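Colleague: Mind looking over this structure? Questions follow.
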Amino acid sequence: MKAGVIVFPGSNCDRDLAVAFERVSGRKTDMIWHKDSTLPTGLDIVAVPGGFSFGDYLRCGAIAARSPIMRSVVEFANNGGHVLGICNGFQVLIESGLLPGALMRNAGLKFVCKDVELKVATSRTAFTSNYRKGEEITIPVAHHDGNYVADPDLVKRLKDEDRITFTYADNPNGSTADIAGIVSENRRVMGMMPHPERLNDRHLGGTDGTRLFESLGEALVGA
């Protein structure tokens, strides 16, 4: 598995994300600057990390979504490539049109930073195959605009198509239907607000996030 991580001004989880991929793949992760216009060749997955791209001016992720590299990420996704967006990366993917819905200010209007319990809503994706449906895991959140908003028709469609990957056991931000992560129609693009790369080492508190990267490694091995 060959991974690339996009880096914007204000990204602060890019190196953690690169380390998570490298531990699984044994290959160096390509760090891709937002002003680049093309992706490196041979990538199996592109990841958009958490942080505060462009200082979260306008809407979170709105400026980053219009960076030169995102045109190539959208093309990569439209051609069937796998894309992962975490926290601010989820916001960027929504602003880029790769995922539906919106991410708004937390219901409590406060920044939330803590470990939360997630329920695995599906294991039928390349991102979640090493989890069991219904399993509860612990993953940290750190966001101010993580309130996933979707109208009833979209929520029904996401449920009917088994496209909700994670839900909150105790909703920290007001997200519609407790949604913490979703996938695209072709199941190759996933966005999630919690940070699996931050629970990827037992010395740092746990490894519940590790299986997400292991899932990808197994799904994309030899790709």
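By convention in this document, the chains of the structure tokens carry letters A, B, ... by their order, each chain's residues are numbered from 1, and ligands are numbered from 1 in the order they are shown.
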Using only C-alpha atoms, I'd like a table of the residues in segment 92-165 of chain A that come within 9 Å of segment 42-52 of chain A; for each, show the closest atom pair and its distance in Å rounded to one decimal, ordered by chain and ascending number, as CSV.

Modeller:
```
residue,atom,partner,partner_atom,distance
A:Val92,CA,A:Val48,CA,7.7
A:Leu93,CA,A:Val48,CA,8.1
A:His143,CA,A:Gly51,CA,8.9
```

Colleague: Please produce, as JSON lines, a per-residue contact table for segment 104-169 of chain A versus segment 186-201 of chain A (criterion: any atom at most 8 Å away, only C-alpha atoms considered), showing the nearest atom pair and its distance in Å to one decimal, sorted by chain then residue number.

Modeller:
```
{"residue": "A:Thr125", "atom": "CA", "partner": "A:Arg187", "partner_atom": "CA", "distance": 6.2}
{"residue": "A:Ala126", "atom": "CA", "partner": "A:Arg188", "partner_atom": "CA", "distance": 7.3}
{"residue": "A:Phe127", "atom": "CA", "partner": "A:Met190", "partner_atom": "CA", "distance": 7.6}
{"residue": "A:Ile139", "atom": "CA", "partner": "A:Pro196", "partner_atom": "CA", "distance": 5.9}
{"residue": "A:Pro140", "atom": "CA", "partner": "A:His195", "partner_atom": "CA", "distance": 5.6}
{"residue": "A:Val141", "atom": "CA", "partner": "A:Pro194", "partner_atom": "CA", "distance": 4.5}
{"residue": "A:Ala142", "atom": "CA", "partner": "A:Pro194", "partner_atom": "CA", "distance": 7.3}
{"residue": "A:His143", "atom": "CA", "partner": "A:Met193", "partner_atom": "CA", "distance": 7.8}
{"residue": "A:Gly146", "atom": "CA", "partner": "A:Met193", "partner_atom": "CA", "distance": 6.3}
{"residue": "A:Arg163", "atom": "CA", "partner": "A:Arg187", "partner_atom": "CA", "distance": 7.3}
{"residue": "A:Phe166", "atom": "CA", "partner": "A:Met192", "partner_atom": "CA", "distance": 7.8}
```

Colleague: Determine which residues of segment 49-181 of chain A DSSP labels as alpha helix (DSSP H) from the backbone of this structure, then write them out as a VMD selection string.

Modeller: chain A and resid 68 to 78 88 to 95 152 to 160

Colleague: Would you mind exporting the chosen residues as a compact mmCIF listing (two decimals), in the first residue's frame, restricted to C-alpha atoms?

Modeller:
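Written output follows (out-v7.txt):
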```txt
# COMPACT_ATOMS: atom_id res chain seq x y z
CA PRO A 68 -4.59 23.14 -6.65
CA ILE A 69 -3.93 19.63 -5.31
CA MET A 70 -7.58 19.02 -4.48
CA ARG A 71 -8.50 19.00 -8.15
CA SER A 72 -6.19 16.01 -8.52
CA VAL A 73 -7.60 14.38 -5.36
CA VAL A 74 -11.13 14.71 -6.73
CA GLU A 75 -10.00 13.23 -10.04
CA PHE A 76 -8.22 10.42 -8.19
CA ALA A 77 -11.41 9.65 -6.25
CA ASN A 78 -13.62 9.85 -9.33
CA ASN A 88 -10.51 18.90 9.07
CA GLY A 89 -9.93 16.43 6.25
CA PHE A 90 -13.57 15.35 6.50
CA GLN A 91 -14.56 19.00 6.23
CA VAL A 92 -12.35 19.38 3.14
CA LEU A 93 -13.89 16.32 1.47
CA ILE A 94 -17.40 17.69 2.04
CA GLU A 95 -16.39 21.11 0.70
CA PRO A 152 -33.88 13.20 6.67
CA ASP A 153 -33.66 12.04 3.04
CA LEU A 154 -29.85 11.95 3.16
CA VAL A 155 -29.82 10.15 6.51
CA LYS A 156 -32.23 7.55 5.13
CA ARG A 157 -30.09 7.08 2.05
CA LEU A 158 -26.92 6.70 4.11
CA LYS A 159 -28.62 4.11 6.33
CA ASP A 160 -30.26 2.22 3.47
```

Colleague: Could you give me, as an NGL selection string, the residues within 7 Å of Asp178 of chain A, counting only C-alpha atoms and dropping anything in the same chain fewer than 5 positions from it?

Modeller: :A and (167-168 or 171)

Colleague: Do a neighbour search on Phe21 of chain A at 7 Å with only C-alpha atoms, toss out local chain neighbours closer than 4 positions, and write the hits as a count of residues only.

Modeller: 5

Colleague: Could you list, as a list in words, every residue within 10 Å of Lys35 of chain A, counting only C-alpha atoms and ignoring same-chain residues fewer than 2 positions away?

Modeller: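 My list of contacting residues is Ile6, Val7, Phe8, Ile32, Trp33, Ser37, Thr38, Ser67, Pro68, Ile69 and Met70 of chain A.
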
Colleague: Export N, CA and C atoms of the chosen residues as a compact mmCIF listing (two decimals), in the first residue's frame?

Modeller:
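The file below, result-v9.txt, is the result:
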```txt
# COMPACT_ATOMS: atom_id res chain seq x y z
N ILE A 6 -1.92 14.82 2.16
CA ILE A 6 -1.94 16.21 1.73
C ILE A 6 -1.58 17.11 2.91
N VAL A 7 -0.78 18.15 2.67
CA VAL A 7 -0.38 19.08 3.72
C VAL A 7 -0.81 20.49 3.33
N PHE A 8 -1.62 21.11 4.19
CA PHE A 8 -2.05 22.49 4.01
C PHE A 8 -1.39 23.37 5.07
N ILE A 32 2.44 15.59 0.48
CA ILE A 32 2.09 16.31 -0.75
C ILE A 32 1.62 17.72 -0.40
N TRP A 33 2.33 18.73 -0.85
CA TRP A 33 2.03 20.12 -0.54
C TRP A 33 0.81 20.59 -1.32
N SER A 37 0.16 20.51 -8.18
CA SER A 37 -1.01 20.36 -9.05
C SER A 37 -1.29 18.90 -9.41
N THR A 38 -0.34 18.01 -9.14
CA THR A 38 -0.55 16.61 -9.46
C THR A 38 -0.13 15.73 -8.28
N SER A 67 -7.66 24.40 -3.14
CA SER A 67 -6.23 24.34 -3.40
C SER A 67 -5.98 23.55 -4.68
N PRO A 68 -4.87 23.85 -5.39
CA PRO A 68 -4.59 23.14 -6.65
C PRO A 68 -4.61 21.63 -6.51
N ILE A 69 -4.05 21.09 -5.42
CA ILE A 69 -3.93 19.63 -5.31
C ILE A 69 -5.28 18.95 -5.20
N MET A 70 -6.29 19.66 -4.68
CA MET A 70 -7.58 19.02 -4.48
C MET A 70 -8.27 18.68 -5.79
```
